[in-house]
Every structure is written in C-alpha cells, then in structure tokens.
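Peer 1: The following block contains the structure, expressed as structure tokens.
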Amino acid sequence: MDTPFILHQQQHRVVTLTLHRPEARNALSTPCLEQLVARLEQADADSGVGAVVIAGAARFFAAGADLRELQQQDLPAALADRRPQLWQRLAQFSKPLLAAVNGYALGAGCELALACDIVIGGESARFGLPEITFGLMPGAGGTQRLIRCVGKARASQMVLTGEPIDARTALQAGLISEVCVDALTLERTQQIADRISRQAPLALRAAKQALKQAEEIGLSQGLAMERQQFVTLAATDDRREGIAAFFEKRTPNYQGR
C-alpha cells in the first residue's frame, strides 16, 4: 500500500487535504503531488464536495520540491518529468480551492499556495521562491502566477534574491487575503470554505472560471466571457431558487442544476 502523504477529512461539504511528509518538511515529491492531485480529482467529481482546503503542518506548509529527486535529474529526465502534467491537472480543479498556511511555504509550496483561489496565512507564514539559491528557477508557475499576484517589482525581488516574505508583507502585496494567529489558521480557512460551499455549485464554477481567465486574457475578452457565464446561469434551477429564497426569507436549497 502506498504511503499516505495526504490526509483526508470531510466536514459537511468541505474537504481538508493535509500534506503529511513530516520527515521532509512536507516537500512535494512526485508521489506526494500525485496523491494530492488524485484527491483533488476525486473531490472535483464528488457532488457532495463544495470546496477544498489544503493545509500543512505548524512549522512548514511545504518546504518546496524534493531536492533529492532534482539532484538525480539530468536533462533527459527533466524533459520526461511528469510533474508539469500533475501541476496542470491541479490547475484544472474546478471548485474553490483554499490554502491554510502556517510556517514556510517555499518553492513548490509557495507555487501550490499561488495555485489556490484563496490563501489564509498564520502569523508565522513565510512565502518564498528560493530556487535561485540552488542554481535553479521556479518551474511550476512561480514566476508567472507571482508576478500577476504581487506585481513585477515584488515578484522580481522574491525570485531573483530567493528571500521569503512574511505574512504581513504577503497580505500587503496581495498574495494572501487574511492573516490570523497560527492556532486559528485552519479553522478560519475552513469557515470561509464552508461559507463558499453553501453557494450554488454552477455559479461557483462559473465565477471561478471567470476569475482565472481574468489573469490570462484581455479586459474586453474577459468582459465578454463574464457576460456569457452570467447569461448561461439564467437557465439554471439554482438561480431561480436563490432569488426565490431571498424574497421568501429562507435558506436556498441548491441542487447544482
């Protein structure tokens, strides 16, 4: 049986996936990333799941990629690496994805946080891309997502120096949306995920897609796509239910159709 690198828990419509490689500071080895992606794809296909939280340990969210794997990788092995496909599958997750970060989120750990829709950081959180200090550079979206998130100046400083930033700086830069005491980071993230998971599933999927596209296409294209998604939702039962529930002063009962 494979070693469980990902711990799974579900409460109501929220799944929490906890990285569990304590001996390696939660480094994202290929088997660990494979298990994480498999769990995400299971959650994506499960109508009983509305949102997913990724968490780590108290001192390390994830310390990066597994340097022992990279040490053994020559050019042909790098060209044949299956990790890019795993990261692409992770990016295709269609439901809201949140990260609860305490301690260090470095390298691939920072890239994992950047791939999430919402990041909540504990006061101990540190975000960094130290690849340059190993003669490397980010290779799982670090340069591309970070510059869209925090801007050219901050991203360039983080990538070219390898120095991490703390939680307050990450908040000011827009990398994370909230800072809280470490003991409450996971609970707060799960609270947000629970609120999200109670919304209409089709509307959540459409809104997430529109938000993601906003980073990749021009404004006029984005506005056209947003309008298309908005109009498409007009045909759903959930839209009718949501408006009816508002006027009837009751909680909506969304069915995902």
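Chain identifiers are assigned as A, B, and so on, following the order in which chains appear in the structure tokens; residues are numbered from 1 within each chain, and ligands are numbered from 1 in order of appearance.
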Would you mind listing what lies within 10 Å of Glu41 of chain A as a ChimeraX atom specification, with only C-alpha atoms counted and same-chain residues fewer than 4 positions away left out?
Peer 2: /A:35-37,45-46,89-90,92-94
Peer 1: If you count only C-alpha atoms, which residues fall within 10 Å of Leu19 of chain A, apart from same-chain ones fewer than 4 positions away, as JSON, numbers by chain?
Peer 2: {"A": [4, 5, 6, 7, 8, 25, 26, 27, 28, 32, 33, 35, 36, 54, 55, 56, 57, 60, 61, 62]}
Peer 1: Between atom CA of Ala200 of chain A and atom CA of Arg13 of chain A, what is the distance in Å, rounded to a tenth?
Peer 2: 12.2 Å
Peer 1: Neighbours of Leu98 of chain A within 6 Å (only C-alpha atoms; same-chain residues fewer than 5 positions away dropped), as a PDB file with N, CA and C atoms, in the first residue's frame?
Peer 2:
```pdb
ATOM      1  N   VAL A  53      -9.855  22.578   1.129  1.00  0.00           N
ATOM      2  CA  VAL A  53      -8.791  23.290   1.836  1.00  0.00           C
ATOM      3  C   VAL A  53      -7.528  22.432   1.822  1.00  0.00           C
ATOM      4  N   CYS A 116      -3.878  28.240  -5.549  1.00  0.00           N
ATOM      5  CA  CYS A 116      -5.167  28.218  -4.855  1.00  0.00           C
ATOM      6  C   CYS A 116      -5.917  29.532  -5.092  1.00  0.00           C
ATOM      7  N   ASP A 117      -7.225  29.489  -4.896  1.00  0.00           N
ATOM      8  CA  ASP A 117      -8.056  30.671  -5.115  1.00  0.00           C
ATOM      9  C   ASP A 117      -7.954  31.660  -3.952  1.00  0.00           C
ATOM     10  N   ILE A 118      -7.861  31.131  -2.743  1.00  0.00           N
ATOM     11  CA  ILE A 118      -7.793  31.958  -1.538  1.00  0.00           C
ATOM     12  C   ILE A 118      -6.713  31.384  -0.633  1.00  0.00           C
ATOM     13  N   VAL A 119      -5.872  32.251  -0.074  1.00  0.00           N
ATOM     14  CA  VAL A 119      -4.832  31.819   0.858  1.00  0.00           C
ATOM     15  C   VAL A 119      -4.994  32.585   2.161  1.00  0.00           C
TER      16      VAL A 119
END
```
Peer 1: For Ser124 of chain A, work out the shell of residues within 10 Å, counting only C-alpha atoms and skipping chain neighbours fewer than 4 positions away, then give it as JSON, numbers by chain.
Peer 2: {"A": [58, 59, 60, 101, 102, 103, 104, 166, 167, 168, 179, 180, 181, 182]}
Peer 1: Could you write those residues out with N, CA, C and O atoms, as a tab-separated table (two decimals), in the first residue's frame?
Peer 2:
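result09.tsv, freshly written:
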```tsv
chain	number	residue	atom	x	y	z
A	58	ALA	N	2.49	22.80	11.43
A	58	ALA	CA	2.61	24.06	12.16
A	58	ALA	C	3.81	24.88	11.70
A	58	ALA	O	3.72	26.11	11.57
A	59	ARG	N	4.94	24.22	11.43
A	59	ARG	CA	6.16	24.95	11.06
A	59	ARG	C	6.41	24.99	9.56
A	59	ARG	O	7.14	25.85	9.07
A	60	PHE	N	5.82	24.05	8.83
A	60	PHE	CA	6.01	24.01	7.39
A	60	PHE	C	4.71	23.68	6.69
A	60	PHE	O	4.12	22.63	6.94
A	101	VAL	N	-2.07	28.36	5.48
A	101	VAL	CA	-0.61	28.32	5.52
A	101	VAL	C	-0.08	28.80	6.87
A	101	VAL	O	-0.24	29.97	7.23
A	102	ASN	N	0.56	27.90	7.58
A	102	ASN	CA	1.38	28.24	8.74
A	102	ASN	C	2.82	27.87	8.41
A	102	ASN	O	3.08	26.90	7.68
A	103	GLY	N	3.77	28.63	8.93
A	103	GLY	CA	5.16	28.31	8.69
A	103	GLY	C	5.57	28.58	7.25
A	103	GLY	O	5.00	29.42	6.57
A	104	TYR	N	6.55	27.81	6.78
A	104	TYR	CA	7.19	28.10	5.50
A	104	TYR	C	6.43	27.47	4.32
A	104	TYR	O	6.13	26.28	4.33
A	166	ASP	N	7.27	37.79	4.88
A	166	ASP	CA	6.44	37.33	5.99
A	166	ASP	C	4.96	37.53	5.67
A	166	ASP	O	4.58	38.05	4.62
A	167	ALA	N	4.12	37.12	6.61
A	167	ALA	CA	2.68	37.11	6.38
A	167	ALA	C	2.14	38.52	6.16
A	167	ALA	O	1.29	38.73	5.28
A	168	ARG	N	2.59	39.48	6.94
A	168	ARG	CA	2.08	40.85	6.81
A	168	ARG	C	2.46	41.45	5.47
A	168	ARG	O	1.66	42.12	4.82
A	179	VAL	N	-4.58	37.47	7.55
A	179	VAL	CA	-3.59	36.95	8.50
A	179	VAL	C	-4.31	36.70	9.82
A	179	VAL	O	-5.10	37.54	10.25
A	180	CYS	N	-4.04	35.57	10.43
A	180	CYS	CA	-4.63	35.30	11.74
A	180	CYS	C	-3.60	34.58	12.61
A	180	CYS	O	-2.54	34.18	12.12
A	181	VAL	N	-3.90	34.42	13.88
A	181	VAL	CA	-2.98	33.70	14.76
A	181	VAL	C	-2.88	32.26	14.27
A	181	VAL	O	-3.86	31.68	13.77
A	182	ASP	N	-1.71	31.67	14.43
A	182	ASP	CA	-1.46	30.35	13.87
A	182	ASP	C	-2.49	29.31	14.31
A	182	ASP	O	-2.90	28.46	13.51
```
Peer 1: List the spatial neighbours of segment 130-132 of chain A as a PyMOL selection string - criterion: any atom at most 12 Å away, only C-alpha atoms, same-chain residues fewer than 2 positions off excluded.
Peer 2: chain A and resi 63-67+70+104-111+126-128+134-140+142-143+156-165
Peer 1: For the residues in that selection, give me N, CA and C atoms as an mmCIF file, in the first residue's frame.
Peer 2:
```cif
data_model
loop_
_atom_site.group_PDB
_atom_site.id
_atom_site.type_symbol
_atom_site.label_atom_id
_atom_site.label_comp_id
_atom_site.auth_asym_id
_atom_site.auth_seq_id
_atom_site.Cartn_x
_atom_site.Cartn_y
_atom_site.Cartn_z
ATOM 1 N N ALA A 63 7.932 22.694 2.183
ATOM 2 C CA ALA A 63 9.276 23.262 2.080
ATOM 3 C C ALA A 63 9.768 23.395 0.648
ATOM 4 N N GLY A 64 8.989 22.912 -0.316
ATOM 5 C CA GLY A 64 9.399 23.023 -1.713
ATOM 6 C C GLY A 64 9.284 21.693 -2.417
ATOM 7 N N ALA A 65 9.961 21.574 -3.562
ATOM 8 C CA ALA A 65 10.059 20.290 -4.242
ATOM 9 C C ALA A 65 11.042 19.412 -3.474
ATOM 10 N N ASP A 66 11.120 18.158 -3.851
ATOM 11 C CA ASP A 66 12.046 17.232 -3.197
ATOM 12 C C ASP A 66 13.414 17.372 -3.871
ATOM 13 N N LEU A 67 14.377 17.984 -3.178
ATOM 14 C CA LEU A 67 15.689 18.232 -3.775
ATOM 15 C C LEU A 67 16.436 16.943 -4.101
ATOM 16 N N LEU A 70 15.419 16.143 -7.557
ATOM 17 C CA LEU A 70 16.036 17.050 -8.519
ATOM 18 C C LEU A 70 17.527 16.771 -8.682
ATOM 19 N N TYR A 104 6.550 27.810 6.777
ATOM 20 C CA TYR A 104 7.187 28.095 5.497
ATOM 21 C C TYR A 104 6.434 27.473 4.325
ATOM 22 N N ALA A 105 6.153 28.312 3.324
ATOM 23 C CA ALA A 105 5.647 27.864 2.027
ATOM 24 C C ALA A 105 6.699 28.288 1.013
ATOM 25 N N LEU A 106 7.609 27.385 0.687
ATOM 26 C CA LEU A 106 8.771 27.719 -0.125
ATOM 27 C C LEU A 106 8.767 26.934 -1.430
ATOM 28 N N GLY A 107 9.308 27.528 -2.469
ATOM 29 C CA GLY A 107 9.429 26.828 -3.735
ATOM 30 C C GLY A 107 8.092 26.289 -4.202
ATOM 31 N N ALA A 108 8.034 24.982 -4.413
ATOM 32 C CA ALA A 108 6.798 24.350 -4.856
ATOM 33 C C ALA A 108 5.673 24.542 -3.851
ATOM 34 N N GLY A 109 6.012 24.727 -2.563
ATOM 35 C CA GLY A 109 4.987 25.011 -1.560
ATOM 36 C C GLY A 109 4.357 26.367 -1.779
ATOM 37 N N CYS A 110 5.169 27.347 -2.136
ATOM 38 C CA CYS A 110 4.653 28.674 -2.478
ATOM 39 C C CYS A 110 3.851 28.601 -3.770
ATOM 40 N N GLU A 111 4.330 27.835 -4.733
ATOM 41 C CA GLU A 111 3.613 27.679 -6.001
ATOM 42 C C GLU A 111 2.269 26.989 -5.791
ATOM 43 N N ARG A 126 5.571 32.208 5.982
ATOM 44 C CA ARG A 126 6.634 32.800 5.185
ATOM 45 C C ARG A 126 6.527 32.238 3.779
ATOM 46 N N PHE A 127 6.539 33.125 2.780
ATOM 47 C CA PHE A 127 6.372 32.717 1.390
ATOM 48 C C PHE A 127 7.634 33.058 0.615
ATOM 49 N N GLY A 128 8.172 32.092 -0.092
ATOM 50 C CA GLY A 128 9.397 32.371 -0.822
ATOM 51 C C GLY A 128 9.639 31.410 -1.965
ATOM 52 N N PHE A 134 19.822 27.622 -5.483
ATOM 53 C CA PHE A 134 20.283 26.271 -5.818
ATOM 54 C C PHE A 134 20.680 26.169 -7.285
ATOM 55 N N GLY A 135 20.820 27.320 -7.961
ATOM 56 C CA GLY A 135 21.133 27.281 -9.379
ATOM 57 C C GLY A 135 19.931 26.912 -10.228
ATOM 58 N N LEU A 136 18.749 27.104 -9.682
ATOM 59 C CA LEU A 136 17.507 26.756 -10.372
ATOM 60 C C LEU A 136 16.641 28.007 -10.527
ATOM 61 N N MET A 137 15.435 27.818 -11.003
ATOM 62 C CA MET A 137 14.418 28.864 -11.023
ATOM 63 C C MET A 137 13.070 28.185 -10.817
ATOM 64 N N PRO A 138 12.048 28.925 -10.440
ATOM 65 C CA PRO A 138 10.724 28.316 -10.275
ATOM 66 C C PRO A 138 10.272 27.660 -11.573
ATOM 67 N N GLY A 139 9.655 26.504 -11.443
ATOM 68 C CA GLY A 139 9.247 25.769 -12.643
ATOM 69 C C GLY A 139 7.824 25.251 -12.610
ATOM 70 N N ALA A 140 7.041 25.679 -11.616
ATOM 71 C CA ALA A 140 5.653 25.212 -11.524
ATOM 72 C C ALA A 140 4.700 26.399 -11.392
ATOM 73 N N GLY A 142 5.689 29.607 -10.557
ATOM 74 C CA GLY A 142 6.112 30.615 -9.597
ATOM 75 C C GLY A 142 6.322 31.991 -10.192
ATOM 76 N N THR A 143 7.038 32.068 -11.319
ATOM 77 C CA THR A 143 7.282 33.385 -11.908
ATOM 78 C C THR A 143 5.999 33.960 -12.499
ATOM 79 N N SER A 156 9.981 40.156 -8.797
ATOM 80 C CA SER A 156 11.381 40.099 -9.220
ATOM 81 C C SER A 156 12.315 40.005 -8.024
ATOM 82 N N GLN A 157 12.031 40.764 -6.981
ATOM 83 C CA GLN A 157 12.879 40.710 -5.796
ATOM 84 C C GLN A 157 12.824 39.332 -5.148
ATOM 85 N N MET A 158 11.624 38.755 -5.041
ATOM 86 C CA MET A 158 11.490 37.442 -4.415
ATOM 87 C C MET A 158 12.185 36.360 -5.234
ATOM 88 N N VAL A 159 11.990 36.384 -6.560
ATOM 89 C CA VAL A 159 12.553 35.337 -7.416
ATOM 90 C C VAL A 159 14.062 35.468 -7.556
ATOM 91 N N LEU A 160 14.575 36.695 -7.718
ATOM 92 C CA LEU A 160 15.990 36.887 -8.013
ATOM 93 C C LEU A 160 16.877 36.853 -6.778
ATOM 94 N N THR A 161 16.309 37.131 -5.601
ATOM 95 C CA THR A 161 17.098 37.025 -4.366
ATOM 96 C C THR A 161 16.865 35.706 -3.647
ATOM 97 N N GLY A 162 15.708 35.108 -3.853
ATOM 98 C CA GLY A 162 15.353 33.888 -3.124
ATOM 99 C C GLY A 162 14.894 34.142 -1.706
ATOM 100 N N GLU A 163 14.791 35.414 -1.307
ATOM 101 C CA GLU A 163 14.421 35.734 0.065
ATOM 102 C C GLU A 163 12.904 35.668 0.247
ATOM 103 N N PRO A 164 12.435 35.062 1.346
ATOM 104 C CA PRO A 164 10.988 34.969 1.591
ATOM 105 C C PRO A 164 10.434 36.259 2.172
ATOM 106 N N ILE A 165 9.120 36.380 2.124
ATOM 107 C CA ILE A 165 8.431 37.499 2.764
ATOM 108 C C ILE A 165 7.550 36.948 3.877
#
```
Peer 1: What does the distance between atom CA of Gly121 of chain A and atom CA of Gln191 of chain A come to in Å, to one decimal place?
Peer 2: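 One can read the atom CA of Gly121 of chain A to atom CA of Gln191 of chain A distance as 13.9 Å.
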Peer 1: Just asking: which residues within segment 54-212 of chain A are helix (DSSP H, G or I) according to DSSP, as an NGL selection string?
Peer 2: :A and (67-71 or 75-79 or 83-91 or 108-114 or 130-134 or 142-150 or 152-161 or 167-173 or 182-197 or 201-212)
Peer 1: Leaving out segment 208-220 of chain A and any residue of its chain fewer than 6 positions from it, which residues lie within 8 Å of it when counting only C-alpha atoms, given as a PyMOL selection string?
Peer 2: chain A and resi 94-96+148+226+229
Peer 1: Now that the selection is made, can you save its residues with all heavy atoms as a PDB file, in the first residue's frame?
Peer 2:
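again.pdb was written with the following content:
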```
ATOM      1  N   SER A  94     -11.926  22.498 -10.640  1.00  0.00           N
ATOM      2  CA  SER A  94     -12.958  23.481 -10.972  1.00  0.00           C
ATOM      3  C   SER A  94     -13.685  24.071  -9.776  1.00  0.00           C
ATOM      4  O   SER A  94     -14.438  25.033  -9.921  1.00  0.00           O
ATOM      5  CB  SER A  94     -13.982  22.841 -11.913  1.00  0.00           C
ATOM      6  OG  SER A  94     -14.724  21.834 -11.240  1.00  0.00           O
ATOM      7  N   LYS A  95     -13.472  23.511  -8.589  1.00  0.00           N
ATOM      8  CA  LYS A  95     -14.156  24.012  -7.401  1.00  0.00           C
ATOM      9  C   LYS A  95     -13.246  24.957  -6.619  1.00  0.00           C
ATOM     10  O   LYS A  95     -12.024  24.958  -6.827  1.00  0.00           O
ATOM     11  CB  LYS A  95     -14.599  22.838  -6.527  1.00  0.00           C
ATOM     12  CG  LYS A  95     -15.624  21.941  -7.214  1.00  0.00           C
ATOM     13  CD  LYS A  95     -16.021  20.734  -6.381  1.00  0.00           C
ATOM     14  CE  LYS A  95     -17.029  19.881  -7.113  1.00  0.00           C
ATOM     15  NZ  LYS A  95     -17.413  18.665  -6.360  1.00  0.00           N
ATOM     16  N   PRO A  96     -13.793  25.763  -5.723  1.00  0.00           N
ATOM     17  CA  PRO A  96     -12.953  26.671  -4.934  1.00  0.00           C
ATOM     18  C   PRO A  96     -11.887  25.909  -4.142  1.00  0.00           C
ATOM     19  O   PRO A  96     -12.190  24.914  -3.477  1.00  0.00           O
ATOM     20  CB  PRO A  96     -13.966  27.359  -4.019  1.00  0.00           C
ATOM     21  CG  PRO A  96     -15.237  27.341  -4.796  1.00  0.00           C
ATOM     22  CD  PRO A  96     -15.234  26.012  -5.497  1.00  0.00           C
ATOM     23  N   ARG A 148       1.681  38.131 -11.470  1.00  0.00           N
ATOM     24  CA  ARG A 148       0.291  38.550 -11.634  1.00  0.00           C
ATOM     25  C   ARG A 148      -0.356  38.861 -10.289  1.00  0.00           C
ATOM     26  O   ARG A 148      -1.331  39.596 -10.212  1.00  0.00           O
ATOM     27  CB  ARG A 148      -0.498  37.464 -12.362  1.00  0.00           C
ATOM     28  CG  ARG A 148      -0.175  37.361 -13.848  1.00  0.00           C
ATOM     29  CD  ARG A 148      -0.706  36.059 -14.446  1.00  0.00           C
ATOM     30  NE  ARG A 148      -0.624  36.059 -15.909  1.00  0.00           N
ATOM     31  CZ  ARG A 148       0.479  35.818 -16.611  1.00  0.00           C
ATOM     32  NH1 ARG A 148       1.621  35.584 -15.966  1.00  0.00           N
ATOM     33  NH2 ARG A 148       0.461  35.830 -17.928  1.00  0.00           N
ATOM     34  N   GLU A 226     -17.368  36.867 -19.111  1.00  0.00           N
ATOM     35  CA  GLU A 226     -18.135  37.035 -17.883  1.00  0.00           C
ATOM     36  C   GLU A 226     -19.629  37.131 -18.202  1.00  0.00           C
ATOM     37  O   GLU A 226     -20.463  36.508 -17.546  1.00  0.00           O
ATOM     38  CB  GLU A 226     -17.669  38.299 -17.158  1.00  0.00           C
ATOM     39  CG  GLU A 226     -18.447  38.605 -15.887  1.00  0.00           C
ATOM     40  CD  GLU A 226     -18.083  39.965 -15.325  1.00  0.00           C
ATOM     41  OE1 GLU A 226     -18.542  40.987 -15.905  1.00  0.00           O
ATOM     42  OE2 GLU A 226     -17.337  40.009 -14.338  1.00  0.00           O
ATOM     43  N   GLN A 229     -21.084  33.761 -19.158  1.00  0.00           N
ATOM     44  CA  GLN A 229     -21.314  32.925 -17.982  1.00  0.00           C
ATOM     45  C   GLN A 229     -22.547  33.398 -17.216  1.00  0.00           C
ATOM     46  O   GLN A 229     -23.364  32.601 -16.760  1.00  0.00           O
ATOM     47  CB  GLN A 229     -20.084  32.967 -17.060  1.00  0.00           C
ATOM     48  CG  GLN A 229     -18.820  32.390 -17.661  1.00  0.00           C
ATOM     49  CD  GLN A 229     -18.764  30.872 -17.580  1.00  0.00           C
ATOM     50  OE1 GLN A 229     -19.774  30.210 -17.414  1.00  0.00           O
ATOM     51  NE2 GLN A 229     -17.566  30.327 -17.687  1.00  0.00           N
TER      52      GLN A 229
END
```
Peer 1: Using only C-alpha atoms, pick whichever of A:Ala245, A:Ala170, A:Ala153, A:Met225 has the shortest atom-to-atom distance to Ile120 of chain A.
Peer 2: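 For Ile120 of chain A, the nearest of the candidates is A:Ala170.
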Peer 1: For a test of reading the model, state the distance in Å between atom CA of Phe246 of chain A and atom CA of Leu97 of chain A, rounded to one decimal.
Peer 2: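 Computing the Euclidean distance for atom CA of Phe246 of chain A and atom CA of Leu97 of chain A yields 26.8 Å.
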Peer 1: Find the residues near Arg198 of chain A: any atom within 8 Å, counting only C-alpha atoms, skip ones fewer than 3 places away on the same chain, and give them as a PyMOL selection string.
Peer 2: chain A and resi 13+50+194-195
